[in-house]
Amino acid sequence: MTEKMIKQQDFEFVEKDFSEPASTKIKIKIENVGVKFQDKNGIEPVIALKDVNLAIKEGEFISLLGPSGCGKTTLLRCIADLLHPTSGKITIDGQSPRDIRLQKKFGIVFQSPVLYEWRTVRRNVCMPMELLGLPKKERTAMVTKTLELVGLMEFGHKYPHELSGGMQQRVGIARALAINPELLLMDEPFSALDEFTKEKLHVDLLRIWRKTNKTIIFVTHNIQEAVFLSDRVVVLSPRPGRVSSVVDIKLPRPRALSLKNTPEFNDYVIKIRNSFEGV
Amino acid sequence: MKTKKINKNMVTNILYPVIFGAIILILCQTQIMHKILGTDVFTLPLPSRIIEIISENIPKIMVNVKATLIVSVGGLIIGSLLGYLLAIIATVFPKGGAGGLSVAAAFNAIPIVVIAPIFNNLTKGISSDASFRSMIAKTLVVTVFCMASMSINAYRGLNELPPFSVDLLKSYAAGNFTIFKKLRLPNSIPYIFIALRVTVPGCIISGVVCEYFAEYVIGVGRQIRENIVTAQYATAWAYITVACIMGIIMYIILLIAENVLLKGRKS
Amino acid sequence: MNKAKKLLLSKKMIILYWVLGLIAVWEVIASIVAVTKRSPENVLPHIYQVIASVFSNTMAGPTKTITQIVISNAGMTLWRAAVGFLIGMAVGYILALLMSLFKTVEKVAFPYLMIIQMIPILGIAPIILAITKDIDASRIIIAAILTFYPVSTNVLAGFKSVQQEKLDLMFSLAAKRKDVYMKLMVPASMPYFFTGLKIAAPMAITASILVDTLQGGGGLGCMLSQSLKHAMSIYVFWQIAFLSAIVGILSFCLMGVIEKILSPQRKAKL
C-alpha cells in the first residue's frame, strides 16, 4: 500500500510558490503533551515537557528553539514516534505518529550525520528506498536527483570518511529526502559545523525546502539560525520544559544571507533573546 | 515503580541462568541427558557422584589446587608486570617499540602446546629438584602468555590519550616523567583491566594445559589428564569442576577489583 | 640516501629487526646449550639444524622422512581445525544473533559462555568422544567449541555497539527486523566479528593439536608427543613447533586479510 502511495506522487517535488497565500491546513496538532522521565537513581521524576500545545501548518518551516534541557529534542522525538508522551496527544493529518511512521512519511536528520561507513554516498542515500522495496531503476533516479539537490553529484562513489563534515551532513539530508517524506524532522543538524559551512547550508536548505515544499521541524539552540530559516519560532524554556512563546517571523522570502544585515532581522533576534532573559 | 522494575530485571538476570543450570543438572542426575546424548554414567558421571568425590578428596584436591594456583597466579603477576614494563619501554622508544609489540602479539598466536615442552627442556638444568624446576617451567609459559596480552593493551592505554592532554601538561612545563605519572599511568588503568579480563581466565587454562606436559606430576590439569588416561572419568570430572570453580572465583575477584578501582570512570 | 633511511626505519623493517633479534637470542642460547648439554638437540637446537632437518632424508619412521611425516599429519590436524573453526564460527554467530534478538536467551546463555571458557578443553575431549564415538568428529567439535566462544561474545558486543541514532533511523523508516539486521547490525558489527575470528583462529589450531595428544591416530599432536617420548626423531618436534607457530600466526594474519577484502571502506582507505 505504501509503495503505491509513493508511486502516485511519482517522486516529483512540488515547488513552493510564495505568491500564493500559505496553506492554512493544520498538519500536526500537539495537544497538552507532557513527558516525564524517571531519574536513574532518584525517585523524583524529571519533567522534560509540560502541557505543550502547538499546531503546525502544512508546508511550514518551524523551529523549536531553546537552551539544552528545555525538551526541544524530546518534543521532536515524540512527533517522530521515537518516544511516547506520558500525557497528551499528537496527531498528524488526524493520525497517530505511529501510523505516519509506518507509512514512511518521516525524514529525519540527526545532529551527527549517522552515515553507514561501509556504504558509498550513493548507497547511503539509497538505503531507505531499499527498505521500501522500490525497483532499482527508480532508486537510481531518485539518488541522482537528491544528490543533485544537495550538490554532491560528483561525490556519489566516495565513502563517508572521505568527505568533510558539511558534506556528510548534506548526505544525511539527501538520504532523508530520498523517500520523498511529507515531514522533515531535523535535530540540530548543523550544530557541529563551522560558521561558514553552516551559513552555506542554511541557504541550501531554504532552496531545498522551496523546491520540495515539505513541512520542516527544525530543532536548534541558535537564535539567528532559527530566525533566518523559519516561518515561526517556538521558544521553549527548561525546568519544566514548556513553550514560553511562539514568534512569527514575517521576513520576506526567498531569503538570502544579506537578510542577516537588516534591522528587521536583528529586531527578531533581540526580541527572542529578551524573551529568554525574562525566564 | 521504577525501582521495582530494576529489581525485576536483576532477579531475572540471576534467575534465568540458575533455572537453566538446574534443568541441566537435573537432566544429568536423572540420566535423561545420558539417553539424549547416547552416553553412560561412566563417561558422564552423575553430578551427585562428582560432588561426592570432591568432598571425599578435599585435602588431595587442595594440594593440586595450590600447585596450579602458584603457577597460574605467579605467571599472571610476573607476566603482567613484565608486559607493562615492556609497554613503558615501547612508549619511551616509540620507533622500535611499536614494532616490538607486534612481534609480542604474534606470541599470542603460538600454540601453548609447543611452548610448554620447550620451556620444560630449557629449565632442566636449573635445579635438581624436579618439582621445583617443573614449576618454574610452567610459570614461564603462563608468564609469556600474560606478558603478550598485557603489553599490547598497556601500550594502547599509555598512548591513546585524550586529545590535547599532552599539550595541556606541556603548557605547564611538565616533564616526561610528570606526564607519565599524571596522565599516561592513570589513563592506562582501564586498559590493564581489558588485558586482565583475557589473562585471568587464560592464566588458569594455560596453567592447566602446561601441567599436561610437565615433568612433575602435580596440579589440577595433570590430575585431569592422569584420570582420563586411566579412565577414571568421575575423578577427572571432579577436577574439571574444580578448575572451572578456580577460574570463576578468579574472574569474580577481578570484577570486584575493577568495580572498586574504576569507580566513577564510567557513567 | 634519505629514501634508503626511511625504508630502513619503516614499520615492516622494524618488525624484521625484532625477528632477527629474537633469532639472535635463540642462537646465543642454543650455542650455550650446545656446549653445556649432552644432547643439545633435545633442549634447543640451532635454527639451521632445524631447517637442515626439513631437507634431510633421514627416516623418522619405517617409510617416511621427518618432513613427510610432519606434512602428512599437519594436513590432518589443520583440516580438522579448519572444519571446527567454520562450525564454531557459524554456531557462535547464530547464538549471538539469538542473544541479540531475545533478551531471555542472552540472560540464560551469557553466564554459561563465560564458564565455557574456563573449562579445560582436554577434560571434555573424552566425554565428547564417548558421545560421538568418533575421534575425528570429537576433535572437530572441540575446535568448534573453542572458536565459538570468542566469536559469540565479540559479535554480541558488536551488535550492542551500534549507534543508537542508526537504530532510530531504521525505526523511523519502519524497517522490518530482517532489514535492521541485514542492512545495519550485521555490517556494523563486522569489525567485532573479525576481532573474534582473529582470537579464535589460532585457538582452533592449538585445540586441534592439543586434543591430538590425547588419543592415537594421526595428527600433529600425536607425532609431537611421540617425538617428545623419543619414539621418533626429536626434529619432528622442532619442525612441528616451528610449523604450528607459523601457521598460528598466519591464521591470525589471514583473518585480517579477509577482513580487508570484505570491507570496502577500508580498501578505499588504503
# chains A, B, ... in the order shown; residues from 1 in each chain; ligands from 1
$ interface_residues --of "chain C" --to "chain A" --cutoff "12 Å" --atoms "only C-alpha atoms" --output "PyMOL selection string"
chain C and resi 162-191+260+262-270
$ select_by_dssp --residues "range 70-218 of chain A" --states "alpha helix (DSSP H)" --output "PyMOL selection string"
chain A and resi 72-79+97-102+121-132+136-150+165-177+195-212
$ write_last_selection --atoms "C-alpha atoms" --output "mmCIF file, in the first residue's frame"
data_model
loop_
_atom_site.group_PDB
_atom_site.id
_atom_site.type_symbol
_atom_site.label_atom_id
_atom_site.label_comp_id
_atom_site.auth_asym_id
_atom_site.auth_seq_id
_atom_site.Cartn_x
_atom_site.Cartn_y
_atom_site.Cartn_z
ATOM 1 C CA LYS A 72 13.092 20.516 22.249
ATOM 2 C CA THR A 73 14.631 17.255 21.112
ATOM 3 C CA THR A 74 12.182 15.370 23.312
ATOM 4 C CA LEU A 75 9.298 17.067 21.516
ATOM 5 C CA LEU A 76 10.790 16.203 18.124
ATOM 6 C CA ARG A 77 11.259 12.587 19.179
ATOM 7 C CA CYS A 78 7.606 12.477 20.273
ATOM 8 C CA ILE A 79 6.498 13.712 16.852
ATOM 9 C CA PRO A 97 2.694 9.450 14.788
ATOM 10 C CA ARG A 98 2.993 5.666 14.732
ATOM 11 C CA ASP A 99 0.682 5.405 11.723
ATOM 12 C CA ILE A 100 2.614 8.130 9.924
ATOM 13 C CA ARG A 101 5.885 6.363 10.688
ATOM 14 C CA LEU A 102 4.562 3.071 9.359
ATOM 15 C CA VAL A 121 27.422 8.083 -0.594
ATOM 16 C CA ARG A 122 25.070 6.829 -3.299
ATOM 17 C CA ARG A 123 24.273 3.637 -1.440
ATOM 18 C CA ASN A 124 23.728 5.570 1.793
ATOM 19 C CA VAL A 125 21.102 7.695 0.102
ATOM 20 C CA CYS A 126 19.666 4.568 -1.475
ATOM 21 C CA MET A 127 19.233 2.711 1.818
ATOM 22 C CA PRO A 128 15.740 3.992 2.842
ATOM 23 C CA MET A 129 14.403 3.176 -0.621
ATOM 24 C CA GLU A 130 15.750 -0.356 -0.348
ATOM 25 C CA LEU A 131 13.687 -0.740 2.808
ATOM 26 C CA LEU A 132 10.628 0.364 0.873
ATOM 27 C CA LYS A 136 16.324 -0.377 -8.814
ATOM 28 C CA LYS A 137 15.657 1.995 -11.676
ATOM 29 C CA GLU A 138 13.561 4.307 -9.536
ATOM 30 C CA ARG A 139 16.136 4.177 -6.763
ATOM 31 C CA THR A 140 18.957 5.194 -9.049
ATOM 32 C CA ALA A 141 16.945 8.057 -10.487
ATOM 33 C CA MET A 142 15.975 9.330 -7.050
ATOM 34 C CA VAL A 143 19.535 9.094 -5.715
ATOM 35 C CA THR A 144 20.760 11.185 -8.621
ATOM 36 C CA LYS A 145 18.008 13.700 -8.080
ATOM 37 C CA THR A 146 18.544 14.169 -4.352
ATOM 38 C CA LEU A 147 22.325 14.288 -4.675
ATOM 39 C CA GLU A 148 21.903 16.996 -7.302
ATOM 40 C CA LEU A 149 19.628 18.857 -4.905
ATOM 41 C CA VAL A 150 22.249 18.869 -2.139
ATOM 42 C CA GLY A 165 31.648 17.238 7.990
ATOM 43 C CA GLY A 166 29.462 19.604 5.964
ATOM 44 C CA MET A 167 29.316 17.208 3.032
ATOM 45 C CA GLN A 168 28.450 14.311 5.329
ATOM 46 C CA GLN A 169 25.552 16.298 6.724
ATOM 47 C CA ARG A 170 24.354 17.004 3.168
ATOM 48 C CA VAL A 171 24.345 13.262 2.515
ATOM 49 C CA GLY A 172 22.186 12.914 5.625
ATOM 50 C CA ILE A 173 19.738 15.463 4.201
ATOM 51 C CA ALA A 174 19.728 13.748 0.804
ATOM 52 C CA ARG A 175 19.001 10.432 2.482
ATOM 53 C CA ALA A 176 16.101 11.949 4.439
ATOM 54 C CA LEU A 177 14.657 13.379 1.208
ATOM 55 C CA GLU A 195 30.018 29.038 10.817
ATOM 56 C CA PHE A 196 30.903 29.313 7.097
ATOM 57 C CA THR A 197 29.663 25.832 6.224
ATOM 58 C CA LYS A 198 26.592 26.417 8.331
ATOM 59 C CA GLU A 199 25.585 29.618 6.513
ATOM 60 C CA LYS A 200 26.013 27.925 3.161
ATOM 61 C CA LEU A 201 23.858 25.029 4.273
ATOM 62 C CA HIS A 202 21.194 27.427 5.560
ATOM 63 C CA VAL A 203 20.800 28.902 2.093
ATOM 64 C CA ASP A 204 20.843 25.442 0.570
ATOM 65 C CA LEU A 205 18.246 24.144 2.992
ATOM 66 C CA LEU A 206 15.875 27.011 2.182
ATOM 67 C CA ARG A 207 16.359 26.334 -1.528
ATOM 68 C CA ILE A 208 15.635 22.628 -0.992
ATOM 69 C CA TRP A 209 12.610 23.476 1.107
ATOM 70 C CA ARG A 210 11.287 25.768 -1.623
ATOM 71 C CA LYS A 211 11.838 23.122 -4.275
ATOM 72 C CA THR A 212 10.309 20.259 -2.345
#
$ closest_atom_pairs --of "range 163-218 of chain C" --to "range 114-138 of chain B" --cutoff "12 Å" --atoms "only C-alpha atoms" --output "Markdown table"
| residue | atom | partner | partner_atom | distance |
| --- | --- | --- | --- | --- |
| C:Ile205 | CA | B:Val114 | CA | 11.7 |
| C:Thr206 | CA | B:Val114 | CA | 9.1 |
| C:Ala207 | CA | B:Val114 | CA | 11.9 |
| C:Ile209 | CA | B:Val114 | CA | 9.3 |
| C:Leu210 | CA | B:Val114 | CA | 9.4 |
| C:Thr213 | CA | B:Val114 | CA | 11.6 |
$ write_last_selection --atoms "C-alpha atoms" --output "tab-separated table (two decimals), in the first residue's frame"
chain	number	residue	atom	x	y	z
C	205	ILE	CA	44.71	-24.76	15.79
C	206	THR	CA	46.02	-25.02	19.36
C	207	ALA	CA	42.98	-27.05	20.35
C	209	ILE	CA	46.99	-30.10	18.24
C	210	LEU	CA	46.27	-30.45	21.94
C	213	THR	CA	47.97	-35.69	22.00
$ closest_residue --among "B:Asn187, B:Thr30, B:Ser48, B:Thr235" --to "chain C" --atoms "only C-alpha atoms"
B:Thr235
$ residues_around --residues "range 196-198 of chain B" --least-positions-apart "2" --cutoff "10 Å" --atoms "only C-alpha atoms" --output "list of chain:residue names"
B:Leu76, B:Ser80, B:Cys146, B:Ser149, B:Met150, B:Asn153, B:Pro190, B:Tyr191, B:Ile192, B:Phe193, B:Ile194, B:Val200, B:Pro201, B:Gly202, B:Cys203, B:Tyr251, B:Leu254, B:Leu255, B:Glu258
$ write_last_selection --atoms "C-alpha atoms" --output "compact mmCIF listing (two decimals), in the first residue's frame"
# COMPACT_ATOMS: atom_id res chain seq x y z
CA LEU B 76 49.91 -13.82 35.82
CA SER B 80 51.55 -8.63 33.74
CA CYS B 146 50.13 -12.96 30.08
CA SER B 149 48.38 -9.68 26.19
CA MET B 150 49.29 -7.11 28.83
CA ASN B 153 46.81 -3.38 25.91
CA PRO B 190 41.12 0.68 32.22
CA TYR B 191 43.28 -0.93 29.53
CA ILE B 192 45.02 -3.01 32.19
CA PHE B 193 41.65 -4.42 33.07
CA ILE B 194 40.86 -5.15 29.43
CA VAL B 200 42.80 -14.03 34.32
CA PRO B 201 40.73 -16.90 32.88
CA GLY B 202 43.56 -17.56 30.43
CA CYS B 203 46.22 -18.00 33.12
CA TYR B 251 37.16 -13.80 37.47
CA LEU B 254 38.77 -9.38 39.05
CA LEU B 255 35.29 -7.95 38.50
CA GLU B 258 37.52 -3.50 38.59
$ closest_residue --among "C:Ile32, C:Ile135, C:Leu98, C:Val54" --to "chain B" --atoms "only C-alpha atoms"
C:Ile32
$ closest_residue --among "C:Pro120, C:Gly88, C:Gly21, C:Pro40" --to "chain B" --atoms "only C-alpha atoms"
C:Pro120
$ residues_around --residues "range 218-235 of chain A" --least-positions-apart "6" --cutoff "6 Å" --atoms "only C-alpha atoms" --output "mmCIF file with N, CA and C atoms, in the first residue's frame"
data_model
loop_
_atom_site.group_PDB
_atom_site.id
_atom_site.type_symbol
_atom_site.label_atom_id
_atom_site.label_comp_id
_atom_site.auth_asym_id
_atom_site.auth_seq_id
_atom_site.Cartn_x
_atom_site.Cartn_y
_atom_site.Cartn_z
ATOM 1 N N PHE A 61 7.854 26.000 7.811
ATOM 2 C CA PHE A 61 9.198 25.781 8.352
ATOM 3 C C PHE A 61 9.170 26.300 9.775
ATOM 4 N N ILE A 62 9.191 25.382 10.721
ATOM 5 C CA ILE A 62 9.040 25.789 12.115
ATOM 6 C C ILE A 62 10.270 25.356 12.911
ATOM 7 N N SER A 63 10.731 26.257 13.789
ATOM 8 C CA SER A 63 11.910 25.920 14.602
ATOM 9 C C SER A 63 11.506 25.745 16.052
ATOM 10 N N LEU A 64 12.115 24.758 16.696
ATOM 11 C CA LEU A 64 11.971 24.609 18.143
ATOM 12 C C LEU A 64 13.277 25.112 18.744
ATOM 13 N N LEU A 65 13.208 26.227 19.483
ATOM 14 C CA LEU A 65 14.411 26.897 19.951
ATOM 15 C C LEU A 65 14.455 26.914 21.473
ATOM 16 N N GLY A 66 15.639 26.687 22.010
ATOM 17 C CA GLY A 66 15.767 26.769 23.465
ATOM 18 C C GLY A 66 17.119 26.261 23.916
ATOM 19 N N PRO A 67 17.492 26.541 25.167
ATOM 20 C CA PRO A 67 18.773 26.047 25.695
ATOM 21 C C PRO A 67 18.704 24.535 25.930
ATOM 22 N N MET A 186 14.412 17.751 11.721
ATOM 23 C CA MET A 186 15.852 17.988 11.789
ATOM 24 C C MET A 186 16.262 18.340 13.207
ATOM 25 N N ASP A 187 17.147 17.499 13.783
ATOM 26 C CA ASP A 187 17.544 17.674 15.185
ATOM 27 C C ASP A 187 18.940 18.294 15.255
ATOM 28 N N GLU A 188 19.001 19.605 15.408
ATOM 29 C CA GLU A 188 20.269 20.342 15.452
ATOM 30 C C GLU A 188 21.242 19.864 14.370
ATOM 31 N N VAL A 243 6.494 25.507 26.335
ATOM 32 C CA VAL A 243 6.555 26.564 25.330
ATOM 33 C C VAL A 243 6.404 27.893 26.040
ATOM 34 N N SER A 244 7.401 28.780 25.911
ATOM 35 C CA SER A 244 7.259 30.072 26.584
ATOM 36 C C SER A 244 6.704 31.121 25.627
ATOM 37 N N SER A 245 7.016 31.015 24.333
ATOM 38 C CA SER A 245 6.384 31.919 23.375
ATOM 39 C C SER A 245 6.529 31.372 21.969
ATOM 40 N N VAL A 246 5.677 31.858 21.063
ATOM 41 C CA VAL A 246 5.773 31.496 19.659
ATOM 42 C C VAL A 246 5.898 32.785 18.866
ATOM 43 N N VAL A 247 6.968 32.920 18.083
ATOM 44 C CA VAL A 247 7.223 34.171 17.372
ATOM 45 C C VAL A 247 7.036 33.961 15.872
ATOM 46 N N ASP A 248 6.156 34.730 15.256
ATOM 47 C CA ASP A 248 6.001 34.700 13.799
ATOM 48 C C ASP A 248 7.123 35.507 13.171
ATOM 49 N N ILE A 249 7.825 34.922 12.205
ATOM 50 C CA ILE A 249 8.903 35.646 11.532
ATOM 51 C C ILE A 249 8.365 36.122 10.189
#
$ residues_around --residues "Pro45 in chain A" --least-positions-apart "6" --cutoff "10 Å" --atoms "only C-alpha atoms" --output "list in words"
Val35, Lys36, Phe37, Gln38 and Asp39 of chain A
$ write_last_selection --atoms "C-alpha atoms" --output "PDB file, in the first residue's frame"
ATOM      1  CA  VAL A  35       6.834  13.802  29.066  1.00  0.00           C
ATOM      2  CA  LYS A  36       8.195  12.550  32.362  1.00  0.00           C
ATOM      3  CA  PHE A  37      11.496  10.719  32.682  1.00  0.00           C
ATOM      4  CA  GLN A  38      12.393   8.543  35.593  1.00  0.00           C
ATOM      5  CA  ASP A  39      15.602   9.676  37.175  1.00  0.00           C
TER       6      ASP A  39
END
$ residues_around --residues "Met246 in chain B" --least-positions-apart "4" --cutoff "12 Å" --atoms "only C-alpha atoms" --output "ChimeraX atom specification"
/B:61-62,64-66,68-69,72-73,200-205,207-208,220-221,239-242,250-253 /C:115,118-120
$ closest_residue --among "C:Leu20, C:Leu86, C:Val33, C:Gln117" --to "Thr199 in chain B" --atoms "only C-alpha atoms"
C:Gln117
$ residues_around --residues "Arg222 in chain B" --least-positions-apart "4" --cutoff "7 Å" --atoms "only C-alpha atoms" --output "PyMOL selection string"
chain B and resi 211-212+217-218+226
$ closest_residue --among "A:Glu264, A:Ile47, A:Lys27, A:Asn274" --to "Leu183 in chain A" --atoms "only C-alpha atoms"
A:Lys27
$ closest_residue --among "C:Lys107, C:Lys133, C:Arg80, C:His46" --to "chain B" --atoms "only C-alpha atoms"
C:Lys107
$ decode --residues "range 142-195 of chain C" --atoms "C-alpha atoms" --output "PDB file, in the first residue's frame"
ATOM      1  CA  ILE C 142      36.408 -29.322  20.376  1.00  0.00           C
ATOM      2  CA  ALA C 143      37.991 -26.926  17.889  1.00  0.00           C
ATOM      3  CA  ALA C 144      34.455 -25.656  17.248  1.00  0.00           C
ATOM      4  CA  ILE C 145      33.740 -25.121  20.960  1.00  0.00           C
ATOM      5  CA  LEU C 146      36.880 -23.015  21.318  1.00  0.00           C
ATOM      6  CA  THR C 147      36.069 -20.931  18.262  1.00  0.00           C
ATOM      7  CA  PHE C 148      32.506 -20.413  19.241  1.00  0.00           C
ATOM      8  CA  TYR C 149      33.141 -18.506  22.445  1.00  0.00           C
ATOM      9  CA  PRO C 150      35.204 -15.562  21.119  1.00  0.00           C
ATOM     10  CA  VAL C 151      33.031 -15.239  18.014  1.00  0.00           C
ATOM     11  CA  SER C 152      29.833 -15.192  20.023  1.00  0.00           C
ATOM     12  CA  THR C 153      30.902 -12.668  22.639  1.00  0.00           C
ATOM     13  CA  ASN C 154      32.551 -10.341  20.131  1.00  0.00           C
ATOM     14  CA  VAL C 155      29.635 -10.344  17.699  1.00  0.00           C
ATOM     15  CA  LEU C 156      27.227  -9.660  20.550  1.00  0.00           C
ATOM     16  CA  ALA C 157      29.422  -6.752  21.657  1.00  0.00           C
ATOM     17  CA  GLY C 158      29.356  -5.566  18.030  1.00  0.00           C
ATOM     18  CA  PHE C 159      25.569  -5.634  17.908  1.00  0.00           C
ATOM     19  CA  LYS C 160      25.415  -3.690  21.149  1.00  0.00           C
ATOM     20  CA  SER C 161      27.855  -1.062  19.923  1.00  0.00           C
ATOM     21  CA  VAL C 162      25.631   0.016  17.018  1.00  0.00           C
ATOM     22  CA  GLN C 163      24.991   3.746  17.340  1.00  0.00           C
ATOM     23  CA  GLN C 164      21.541   4.434  18.811  1.00  0.00           C
ATOM     24  CA  GLU C 165      20.793   7.047  16.145  1.00  0.00           C
ATOM     25  CA  LYS C 166      21.329   4.465  13.402  1.00  0.00           C
ATOM     26  CA  LEU C 167      18.733   2.306  15.104  1.00  0.00           C
ATOM     27  CA  ASP C 168      16.424   5.314  15.453  1.00  0.00           C
ATOM     28  CA  LEU C 169      16.765   5.946  11.743  1.00  0.00           C
ATOM     29  CA  MET C 170      15.800   2.360  10.953  1.00  0.00           C
ATOM     30  CA  PHE C 171      12.881   2.621  13.360  1.00  0.00           C
ATOM     31  CA  SER C 172      11.667   5.879  11.826  1.00  0.00           C
ATOM     32  CA  LEU C 173      11.682   4.171   8.441  1.00  0.00           C
ATOM     33  CA  ALA C 174       9.561   1.381   9.925  1.00  0.00           C
ATOM     34  CA  ALA C 175      12.210  -1.128   8.820  1.00  0.00           C
ATOM     35  CA  LYS C 176      11.444  -4.809   9.275  1.00  0.00           C
ATOM     36  CA  ARG C 177      13.543  -6.695  11.786  1.00  0.00           C
ATOM     37  CA  LYS C 178      15.166  -8.653   8.998  1.00  0.00           C
ATOM     38  CA  ASP C 179      16.234  -5.424   7.292  1.00  0.00           C
ATOM     39  CA  VAL C 180      17.533  -3.903  10.521  1.00  0.00           C
ATOM     40  CA  TYR C 181      19.849  -6.895  10.852  1.00  0.00           C
ATOM     41  CA  MET C 182      20.771  -7.349   7.212  1.00  0.00           C
ATOM     42  CA  LYS C 183      21.374  -3.697   6.431  1.00  0.00           C
ATOM     43  CA  LEU C 184      22.571  -2.342   9.767  1.00  0.00           C
ATOM     44  CA  MET C 185      23.509  -4.719  12.568  1.00  0.00           C
ATOM     45  CA  VAL C 186      25.425  -7.305  10.550  1.00  0.00           C
ATOM     46  CA  PRO C 187      27.609  -4.910   8.527  1.00  0.00           C
ATOM     47  CA  ALA C 188      28.103  -2.604  11.530  1.00  0.00           C
ATOM     48  CA  SER C 189      29.349  -5.464  13.707  1.00  0.00           C
ATOM     49  CA  MET C 190      31.827  -6.757  11.088  1.00  0.00           C
ATOM     50  CA  PRO C 191      34.962  -5.329  12.784  1.00  0.00           C
ATOM     51  CA  TYR C 192      33.944  -7.041  16.044  1.00  0.00           C
ATOM     52  CA  PHE C 193      33.254 -10.285  14.203  1.00  0.00           C
ATOM     53  CA  PHE C 194      36.765 -10.253  12.792  1.00  0.00           C
ATOM     54  CA  THR C 195      38.263  -9.428  16.186  1.00  0.00           C
TER      55      THR C 195
END
